[in-house]
$ cat my_file35.tsv   # TSV, C-alpha atoms
chain	number	residue	atom	x	y	z
A	1	MET	CA	-2.23	-18.03	10.25
A	2	PRO	CA	-3.45	-16.32	13.45
A	3	TYR	CA	-2.22	-12.76	13.77
A	4	GLN	CA	-0.65	-11.17	16.84
A	5	GLU	CA	0.03	-7.60	15.70
A	6	ILE	CA	-2.55	-6.95	12.98
A	7	GLU	CA	-6.26	-7.61	12.62
A	8	TYR	CA	-7.90	-8.75	9.38
A	9	GLU	CA	-11.55	-8.70	8.36
A	10	VAL	CA	-13.43	-8.99	5.07
A	11	ARG	CA	-16.92	-7.56	4.70
A	12	ASP	CA	-18.94	-6.50	1.64
A	13	GLY	CA	-16.00	-7.02	-0.69
A	14	VAL	CA	-13.66	-4.85	1.40
A	15	ALA	CA	-10.73	-6.15	3.45
A	16	THR	CA	-9.68	-4.18	6.50
A	17	VAL	CA	-6.12	-4.53	7.77
A	18	THR	CA	-5.62	-2.89	11.17
A	19	LEU	CA	-2.16	-2.43	12.66
A	20	ASN	CA	-2.81	-3.60	16.19
A	21	ARG	CA	-0.22	-2.69	18.81
A	22	PRO	CA	-2.05	0.30	20.28
A	23	GLU	CA	-0.05	0.21	23.51
A	24	ARG	CA	3.08	0.87	21.38
A	25	LEU	CA	1.37	3.22	18.91
A	26	ASN	CA	1.43	0.32	16.42
A	27	ALA	CA	5.20	0.48	16.13
A	28	PHE	CA	6.62	-1.74	13.38
A	29	THR	CA	8.27	-5.04	14.34
A	30	PHE	CA	9.57	-8.18	12.65
A	31	VAL	CA	6.32	-9.92	13.62
A	32	MET	CA	4.20	-7.17	12.07
A	33	ARG	CA	6.29	-7.39	8.93
A	34	LYS	CA	5.69	-11.13	8.56
A	35	GLU	CA	1.98	-10.73	9.21
A	36	LEU	CA	1.59	-7.94	6.65
A	37	LEU	CA	3.35	-10.03	4.01
A	38	ASP	CA	1.04	-12.93	4.78
A	39	VAL	CA	-2.16	-10.88	4.79
A	40	PHE	CA	-1.46	-9.36	1.37
A	41	ASP	CA	-0.92	-12.87	0.01
A	42	ARG	CA	-4.36	-13.76	1.42
A	43	ILE	CA	-5.88	-10.64	-0.10
A	44	ASP	CA	-4.58	-11.42	-3.58
A	45	ALA	CA	-5.79	-15.01	-3.37
A	46	ASP	CA	-9.33	-14.11	-2.24
A	47	ASP	CA	-11.67	-13.15	-5.07
A	48	ASP	CA	-14.18	-11.88	-2.52
A	49	VAL	CA	-11.77	-9.03	-1.70
A	50	ARG	CA	-12.19	-6.17	-4.15
A	51	ALA	CA	-10.46	-3.36	-2.22
A	52	VAL	CA	-8.37	-2.96	0.92
A	53	VAL	CA	-8.45	-0.39	3.73
A	54	VAL	CA	-5.40	-0.18	6.02
A	55	THR	CA	-5.63	1.71	9.32
A	56	GLY	CA	-4.31	1.66	12.87
A	57	ALA	CA	-5.79	0.70	16.23
A	58	GLY	CA	-5.99	3.34	18.94
A	59	ARG	CA	-4.64	6.85	18.50
A	60	ALA	CA	-1.84	6.17	15.98
A	61	PHE	CA	-1.50	4.69	12.53
A	62	CYS	CA	2.10	3.54	13.03
A	63	ALA	CA	4.71	5.41	15.05
A	64	GLY	CA	7.54	3.90	13.01
A	65	ALA	CA	10.09	1.31	14.01
A	66	ASP	CA	9.85	-0.10	17.52
A	67	LEU	CA	12.86	1.55	19.16
A	68	SER	CA	12.64	-0.37	22.43
A	69	GLY	CA	15.86	-2.18	21.49
A	70	GLY	CA	17.78	1.04	22.05
A	71	GLY	CA	20.66	2.46	20.05
A	72	GLY	CA	21.27	-0.81	18.22
A	73	THR	CA	17.76	-0.96	16.75
A	74	PHE	CA	19.02	-0.48	13.19
A	75	ASP	CA	22.21	-2.54	13.57
A	76	ARG	CA	21.60	-5.56	11.40
A	77	GLU	CA	24.06	-7.58	13.47
A	78	ARG	CA	22.06	-6.93	16.65
A	79	SER	CA	18.44	-6.49	15.63
A	80	ARG	CA	16.11	-8.46	13.34
A	81	ASP	CA	13.15	-6.10	13.65
A	82	MET	CA	14.05	-3.80	10.79
A	83	TYR	CA	15.48	-6.48	8.53
A	84	ALA	CA	13.93	-9.30	6.59
A	85	GLY	CA	15.86	-12.11	8.29
A	86	GLU	CA	19.01	-14.09	7.69
A	87	ASP	CA	17.40	-16.11	4.90
A	88	ASP	CA	16.21	-13.05	2.93
A	89	VAL	CA	19.21	-11.25	1.47
A	90	LEU	CA	20.34	-9.33	-1.56
A	91	GLU	CA	22.67	-10.91	-4.10
A	92	ASP	CA	25.69	-9.53	-2.23
A	93	GLY	CA	24.53	-11.03	1.07
A	94	THR	CA	23.13	-7.83	2.57
A	95	GLN	CA	19.98	-8.38	4.60
A	96	ARG	CA	16.98	-6.73	2.99
A	97	ASP	CA	15.25	-3.83	4.69
A	98	GLY	CA	12.12	-5.20	6.35
A	99	GLY	CA	9.93	-2.19	5.63
A	100	GLY	CA	10.96	-2.44	2.01
A	101	THR	CA	9.71	-6.00	1.73
A	102	VAL	CA	6.29	-4.82	2.95
A	103	ALA	CA	6.23	-1.83	0.60
A	104	LEU	CA	7.12	-3.99	-2.39
A	105	ARG	CA	4.48	-6.55	-1.44
A	106	ILE	CA	1.85	-3.81	-1.32
A	107	ALA	CA	3.12	-2.53	-4.66
A	108	ARG	CA	2.50	-5.99	-6.19
A	109	CYS	CA	-1.01	-6.27	-4.74
A	110	LEU	CA	-3.72	-6.93	-7.31
A	111	LYS	CA	-6.39	-5.04	-5.36
A	112	PRO	CA	-6.56	-1.26	-4.82
A	113	VAL	CA	-5.26	-0.26	-1.38
A	114	ILE	CA	-6.54	2.72	0.62
A	115	GLY	CA	-4.55	4.03	3.58
A	116	ALA	CA	-6.65	5.61	6.35
A	117	PHE	CA	-4.32	7.55	8.64
A	118	ASN	CA	-6.12	7.84	11.95
A	119	GLY	CA	-3.09	9.26	13.77
A	120	ALA	CA	0.70	9.49	13.67
A	121	ALA	CA	2.46	7.87	10.69
A	122	VAL	CA	6.20	8.29	11.12
A	123	GLY	CA	9.25	6.60	9.60
A	124	VAL	CA	8.35	3.20	8.23
A	125	GLY	CA	4.82	3.97	9.39
A	126	VAL	CA	4.50	6.31	6.42
A	127	THR	CA	7.04	4.94	3.93
A	128	MET	CA	5.46	1.50	3.76
A	129	THR	CA	2.18	3.18	2.73
A	130	LEU	CA	3.58	4.97	-0.30
A	131	PRO	CA	2.63	2.12	-2.69
A	132	MET	CA	-0.98	2.40	-1.51
A	133	ASP	CA	-3.19	3.89	-4.20
A	134	VAL	CA	-5.10	6.45	-2.13
A	135	ARG	CA	-4.21	7.92	1.26
A	136	LEU	CA	-6.81	9.64	3.43
A	137	ALA	CA	-5.99	11.35	6.71
A	138	SER	CA	-7.72	12.34	9.90
A	139	GLU	CA	-7.25	15.93	11.01
A	140	LYS	CA	-5.32	14.41	13.92
A	141	ALA	CA	-2.82	12.61	11.70
A	142	ARG	CA	0.84	13.56	11.79
A	143	PHE	CA	3.57	12.49	9.39
A	144	GLY	CA	7.34	12.38	9.48
A	145	PHE	CA	10.16	11.12	7.28
A	146	VAL	CA	12.45	11.28	10.29
A	147	PHE	CA	15.33	9.11	9.09
A	148	ALA	CA	18.01	11.81	8.94
A	149	ARG	CA	17.23	12.63	12.58
A	150	ARG	CA	17.94	8.99	13.47
A	151	GLY	CA	21.19	8.72	11.51
A	152	ILE	CA	19.83	6.39	8.82
A	153	VAL	CA	18.32	6.77	5.34
A	154	THR	CA	14.88	6.74	3.80
A	155	GLU	CA	13.90	3.08	3.37
A	156	ALA	CA	10.98	0.96	2.14
A	157	ALA	CA	11.90	2.00	-1.42
A	158	SER	CA	10.64	5.49	-0.53
A	159	SER	CA	13.44	7.12	-2.54
A	160	TRP	CA	11.58	5.73	-5.56
A	161	PHE	CA	7.98	6.20	-4.42
A	162	LEU	CA	7.99	9.53	-2.58
A	163	PRO	CA	9.38	11.81	-5.34
A	164	ARG	CA	6.94	10.28	-7.81
A	165	ILE	CA	4.02	11.06	-5.50
A	166	VAL	CA	4.93	14.53	-4.24
A	167	GLY	CA	7.80	15.70	-6.47
A	168	ILE	CA	11.52	15.79	-5.73
A	169	ALA	CA	11.54	19.21	-4.02
A	170	GLN	CA	8.83	18.33	-1.53
A	171	ALA	CA	10.30	14.87	-0.96
A	172	MET	CA	13.71	16.34	-0.19
A	173	GLU	CA	12.30	19.02	2.11
A	174	TRP	CA	10.53	16.44	4.25
A	175	ALA	CA	13.41	13.94	4.18
A	176	ALA	CA	16.24	16.42	4.73
A	177	THR	CA	14.57	18.19	7.65
A	178	GLY	CA	13.08	15.05	9.16
A	179	ARG	CA	10.39	17.18	10.72
A	180	VAL	CA	6.97	15.94	11.78
A	181	PHE	CA	4.14	17.77	9.99
A	182	ASP	CA	0.38	17.90	10.17
A	183	ALA	CA	-2.38	16.62	7.93
A	184	GLN	CA	-2.88	19.95	6.19
A	185	GLU	CA	0.76	20.06	5.11
A	186	ALA	CA	0.43	16.46	3.92
A	187	LEU	CA	-2.60	17.47	1.86
A	188	ASP	CA	-0.89	20.57	0.46
A	189	GLY	CA	2.12	18.43	-0.50
A	190	ARG	CA	-0.12	15.78	-2.14
A	191	LEU	CA	0.95	13.00	0.21
A	192	VAL	CA	-2.73	12.46	1.05
A	193	SER	CA	-5.80	12.99	-1.13
A	194	ARG	CA	-8.24	14.26	1.48
A	195	VAL	CA	-8.39	15.20	5.16
A	196	HIS	CA	-11.42	14.26	7.25
A	197	ALA	CA	-12.74	14.85	10.72
A	198	PRO	CA	-11.66	11.86	12.87
A	199	ASP	CA	-15.13	10.28	12.95
A	200	ASP	CA	-15.49	10.64	9.18
A	201	LEU	CA	-12.19	9.02	8.18
A	202	LEU	CA	-13.11	5.34	8.06
A	203	PRO	CA	-16.58	5.95	6.60
A	204	ALA	CA	-14.90	7.89	3.78
A	205	ALA	CA	-12.38	5.12	3.20
A	206	TYR	CA	-15.11	2.49	3.13
A	207	ASP	CA	-17.30	4.55	0.82
A	208	LEU	CA	-14.45	4.69	-1.68
A	209	ALA	CA	-13.64	0.99	-1.31
A	210	ARG	CA	-17.29	-0.02	-1.75
A	211	GLU	CA	-17.65	2.20	-4.80
A	212	ILE	CA	-14.84	0.20	-6.38
A	213	ALA	CA	-16.29	-3.13	-5.25
A	214	ALA	CA	-19.81	-2.39	-6.45
A	215	ASN	CA	-19.13	-0.94	-9.89
A	216	THR	CA	-15.97	-2.28	-11.47
A	217	SER	CA	-14.38	-5.37	-12.98
A	218	ALA	CA	-11.86	-6.87	-10.58
A	219	VAL	CA	-9.64	-7.92	-13.47
A	220	SER	CA	-9.81	-4.45	-15.01
A	221	VAL	CA	-8.85	-2.79	-11.73
A	222	ALA	CA	-5.94	-5.19	-11.19
A	223	ALA	CA	-4.67	-4.55	-14.71
A	224	ILE	CA	-5.09	-0.78	-14.38
A	225	ARG	CA	-3.24	-0.77	-11.04
A	226	ARG	CA	-0.28	-2.56	-12.59
A	227	LEU	CA	-0.35	-0.31	-15.66
A	228	MET	CA	-0.34	2.84	-13.53
A	229	TRP	CA	2.51	1.83	-11.23
A	230	SER	CA	4.68	0.30	-13.94
A	231	GLY	CA	3.98	3.33	-16.12
A	232	LEU	CA	5.74	5.59	-13.59
A	233	SER	CA	9.05	4.22	-14.78
A	234	ALA	CA	8.16	3.69	-18.45
A	235	ALA	CA	10.73	5.25	-20.74
A	236	SER	CA	8.13	7.05	-22.85
A	237	PRO	CA	4.39	7.24	-23.57
A	238	TRP	CA	5.08	4.91	-26.49
A	239	ASP	CA	6.05	2.19	-24.01
A	240	ALA	CA	2.82	2.81	-22.12
A	241	HIS	CA	0.94	2.64	-25.42
A	242	ILE	CA	2.40	-0.80	-26.11
A	243	ALA	CA	1.30	-2.07	-22.68
A	244	ASP	CA	-2.16	-0.52	-23.12
A	245	SER	CA	-2.58	-2.04	-26.57
A	246	ARG	CA	-1.67	-5.53	-25.45
A	247	LEU	CA	-4.15	-5.42	-22.58
A	248	MET	CA	-6.91	-3.91	-24.70
A	249	ALA	CA	-6.43	-6.80	-27.11
A	250	ALA	CA	-6.37	-9.34	-24.28
A	251	LEU	CA	-9.44	-8.03	-22.44
A	252	GLY	CA	-11.49	-6.34	-25.16
A	253	GLY	CA	-13.19	-9.52	-26.32
A	254	GLY	CA	-13.49	-11.02	-22.87
A	255	ALA	CA	-16.53	-11.69	-20.71
A	256	ASP	CA	-16.07	-8.61	-18.53
A	257	ALA	CA	-15.88	-6.26	-21.51
A	258	ILE	CA	-19.01	-7.83	-22.99
A	259	GLU	CA	-20.82	-7.48	-19.66
A	260	GLY	CA	-19.60	-3.91	-19.14
A	261	VAL	CA	-20.95	-2.73	-22.48
A	262	SER	CA	-24.15	-4.80	-22.28
A	263	SER	CA	-25.02	-3.54	-18.80
A	264	PHE	CA	-24.48	0.04	-19.91
A	265	LEU	CA	-26.73	-0.35	-22.95
A	266	GLU	CA	-29.36	-2.17	-20.91
A	267	LYS	CA	-29.20	0.44	-18.12
A	268	ARG	CA	-28.55	-2.06	-15.34
A	269	GLY	CA	-25.80	-2.83	-12.89
A	270	ALA	CA	-22.97	-4.95	-14.22
A	271	VAL	CA	-22.20	-8.43	-12.91
A	272	PHE	CA	-18.63	-9.10	-13.98
A	273	PRO	CA	-17.82	-12.83	-14.21
A	274	LEU	CA	-14.01	-12.80	-14.43
A	275	ARG	CA	-11.88	-13.45	-11.33
A	276	VAL	CA	-8.41	-12.16	-10.57
A	277	SER	CA	-7.27	-15.53	-9.21
A	278	LYS	CA	-7.75	-17.33	-12.54
A	279	ASP	CA	-8.54	-14.83	-15.31
A	280	LEU	CA	-5.76	-12.24	-15.12
A	281	PRO	CA	-4.13	-12.23	-18.57
A	282	PRO	CA	-0.36	-12.73	-18.86
A	283	GLU	CA	-0.08	-9.33	-20.54
A	284	VAL	CA	-0.61	-7.62	-17.15
A	285	PRO	CA	2.72	-5.99	-16.17
A	286	ASP	CA	4.40	-7.50	-13.15
A	287	TRP	CA	7.18	-6.66	-10.74
A	288	PRO	CA	9.46	-9.40	-9.45
A	289	VAL	CA	8.47	-11.11	-6.22
A	290	ARG	CA	11.77	-10.13	-4.58
$ encode --input "my_file35.tsv" --output "structure tokens"
Amino acid sequence: MPYQEIEYEVRDGVATVTLNRPERLNAFTFVMRKELLDVFDRIDADDDVRAVVVTGAGRAFCAGADLSGGGGTFDRERSRDMYAGEDDVLEDGTQRDGGGTVALRIARCLKPVIGAFNGAAVGVGVTMTLPMDVRLASEKARFGFVFARRGIVTEAASSWFLPRIVGIAQAMEWAATGRVFDAQEALDGRLVSRVHAPDDLLPAAYDLAREIAANTSAVSVAAIRRLMWSGLSAASPWDAHIADSRLMAALGGGADAIEGVSSFLEKRGAVFPLRVSKDLPPEVPDWPVR
């Protein structure tokens, strides 16, 4: 499908998704939501994509929900922008939070996802990125979990993701105050992994993405990503051990494992033959589509 509010490009094994409403600081809309869901379906289906970089056009990453609808922006009876649509509801009939559908789709992605915060990331502009695997920030980036200042609640499943990333105390400080904070505070609080000069941000993100693409098994990375995220809610390390054991048994005799060991012993670069689209074993943990 042609995109109106994002841009999509694949080069050298790396997909770039750019939020593209610079005149509105890339504010989140119903259209952007649909396009992000579609693009992550494309990413998972394309074996040429080994890693994903998500960034924003212009001077912001995403300024949060588009508030141009006024005070009724978050009223599900009056606005579709923040909700998933009349045909996408919970079992009790409640419309699903639109940012949450994007966050959960990113969580299910089979490719590692790198967020490159070039500017402000506020509200859903930051919560939808919490399932990304690595977040890098420009020195100019600003962050805000501003929901309590807008009379609503943290969304996009961030009540699950954020405390697991930064700890409950830091999560509650940011959410309860609703303040906007700078990149250094985000780094100190472990929301982002590194802070870069503005001109160095995307090169750093691409260096990381290409390191993944050039050196690893796509199937291994997909399985590891699912193990890591599902492991956050495992009841015990014994449960994680069971999942590890099943995947070691499933992959240990496979073509990628043979190639990985052989290339190491032969002191050459590996050429992994397995493909995520057709070779992912059923033992890989999964989250439901909805």
$ residues_around --input "my_file35.tsv" --residues "A:Met228" --least-positions-apart "4" --cutoff "10 Å" --atoms "all atoms listed in the file" --output "number ranges by chain"
A: 133, 223-224, 232-234, 240, 285
$ closest_residue --input "my_file35.tsv" --among "A:Ala63, A:Val219, A:Val146, A:Ala156" --to "A:Arg105" --atoms "only C-alpha atoms"
A:Ala156
$ residues_around --input "my_file35.tsv" --residues "A:Arg275" --least-positions-apart "4" --cutoff "7 Å" --atoms "all atoms listed in the file" --output "PDB file with C-alpha atoms, keeping the file's coordinate frame"
ATOM      1  CA  ASP A  47     -11.670 -13.150  -5.070  1.00  0.00           C
ATOM      2  CA  ALA A 218     -11.860  -6.870 -10.580  1.00  0.00           C
ATOM      3  CA  VAL A 219      -9.640  -7.920 -13.470  1.00  0.00           C
ATOM      4  CA  ASP A 279      -8.540 -14.830 -15.310  1.00  0.00           C
TER       5      ASP A 279
END
$ closest_residue --input "my_file35.tsv" --among "A:Glu7, A:Glu283, A:Asp38, A:Glu173" --to "A:Phe145" --atoms "all atoms listed in the file"
A:Glu173
$ residues_around --input "my_file35.tsv" --residues "stretch 174-179 of chain A" --least-positions-apart "2" --cutoff "10 Å" --atoms "all atoms listed in the file" --output "PDB file with C-alpha atoms, keeping the file's coordinate frame"
ATOM      1  CA  VAL A 122       6.200   8.290  11.120  1.00  0.00           C
ATOM      2  CA  GLY A 123       9.250   6.600   9.600  1.00  0.00           C
ATOM      3  CA  PHE A 143       3.570  12.490   9.390  1.00  0.00           C
ATOM      4  CA  GLY A 144       7.340  12.380   9.480  1.00  0.00           C
ATOM      5  CA  PHE A 145      10.160  11.120   7.280  1.00  0.00           C
ATOM      6  CA  VAL A 146      12.450  11.280  10.290  1.00  0.00           C
ATOM      7  CA  PHE A 147      15.330   9.110   9.090  1.00  0.00           C
ATOM      8  CA  ALA A 148      18.010  11.810   8.940  1.00  0.00           C
ATOM      9  CA  ARG A 149      17.230  12.630  12.580  1.00  0.00           C
ATOM     10  CA  ARG A 150      17.940   8.990  13.470  1.00  0.00           C
ATOM     11  CA  VAL A 153      18.320   6.770   5.340  1.00  0.00           C
ATOM     12  CA  THR A 154      14.880   6.740   3.800  1.00  0.00           C
ATOM     13  CA  SER A 159      13.440   7.120  -2.540  1.00  0.00           C
ATOM     14  CA  LEU A 162       7.990   9.530  -2.580  1.00  0.00           C
ATOM     15  CA  ALA A 169      11.540  19.210  -4.020  1.00  0.00           C
ATOM     16  CA  GLN A 170       8.830  18.330  -1.530  1.00  0.00           C
ATOM     17  CA  ALA A 171      10.300  14.870  -0.960  1.00  0.00           C
ATOM     18  CA  MET A 172      13.710  16.340  -0.190  1.00  0.00           C
ATOM     19  CA  PHE A 181       4.140  17.770   9.990  1.00  0.00           C
ATOM     20  CA  GLY A 189       2.120  18.430  -0.500  1.00  0.00           C
TER      21      GLY A 189
END
$ atom_distance --input "my_file35.tsv" --atom1 "atom CA of A:Val53" --atom2 "atom CA of A:Tyr206"
7.3 Å
$ residues_around --input "my_file35.tsv" --residues "A:Ala255" --least-positions-apart "2" --cutoff "8 Å" --atoms "all atoms listed in the file" --output "PyMOL selection string"
chain A and resi 253+257-259+272-274
$ atom_distance --input "my_file35.tsv" --atom1 "atom CA of A:Tyr3" --atom2 "atom CA of A:Arg225"
27.6 Å
$ atom_distance --input "my_file35.tsv" --atom1 "atom CA of A:Ile212" --atom2 "atom CA of A:Gly13"
9.3 Å
$ closest_residue --input "my_file35.tsv" --among "A:Ala250, A:Ala204, A:Val17, A:Leu110" --to "A:Asp44" --atoms "only C-alpha atoms"
A:Leu110
$ residues_around --input "my_file35.tsv" --residues "A:Pro288" --least-positions-apart "6" --cutoff "12 Å" --atoms "only C-alpha atoms" --output "list in words"
Thr101, Leu104, Arg105, Ala107, Arg108, Cys109 and Ser230 of chain A
$ write_last_selection --input "my_file35.tsv" --atoms "C-alpha atoms" --output "PDB file, in the coordinates of the input"
ATOM      1  CA  THR A 101       9.710  -6.000   1.730  1.00  0.00           C
ATOM      2  CA  LEU A 104       7.120  -3.990  -2.390  1.00  0.00           C
ATOM      3  CA  ARG A 105       4.480  -6.550  -1.440  1.00  0.00           C
ATOM      4  CA  ALA A 107       3.120  -2.530  -4.660  1.00  0.00           C
ATOM      5  CA  ARG A 108       2.500  -5.990  -6.190  1.00  0.00           C
ATOM      6  CA  CYS A 109      -1.010  -6.270  -4.740  1.00  0.00           C
ATOM      7  CA  SER A 230       4.680   0.300 -13.940  1.00  0.00           C
TER       8      SER A 230
END
$ closest_residue --input "my_file35.tsv" --among "A:Val180, A:Ala186, A:Asn215, A:Arg210" --to "A:Val166" --atoms "all atoms listed in the file"
A:Ala186
$ closest_residue --input "my_file35.tsv" --among "A:Arg246, A:Asp256, A:Pro2, A:His241" --to "A:Lys34" --atoms "only C-alpha atoms"
A:Pro2
$ closest_residue --input "my_file35.tsv" --among "A:Val54, A:Ala157, A:Leu130, A:Ala141" --to "A:Arg96" --atoms "all atoms listed in the file"
A:Ala157
$ residues_near_point --input "my_file35.tsv" --point "(-1.8, 17.4, 12.3)" --cutoff "6 Å" --atoms "all atoms listed in the file" --output "ChimeraX atom specification"
/A:139-142,182-183
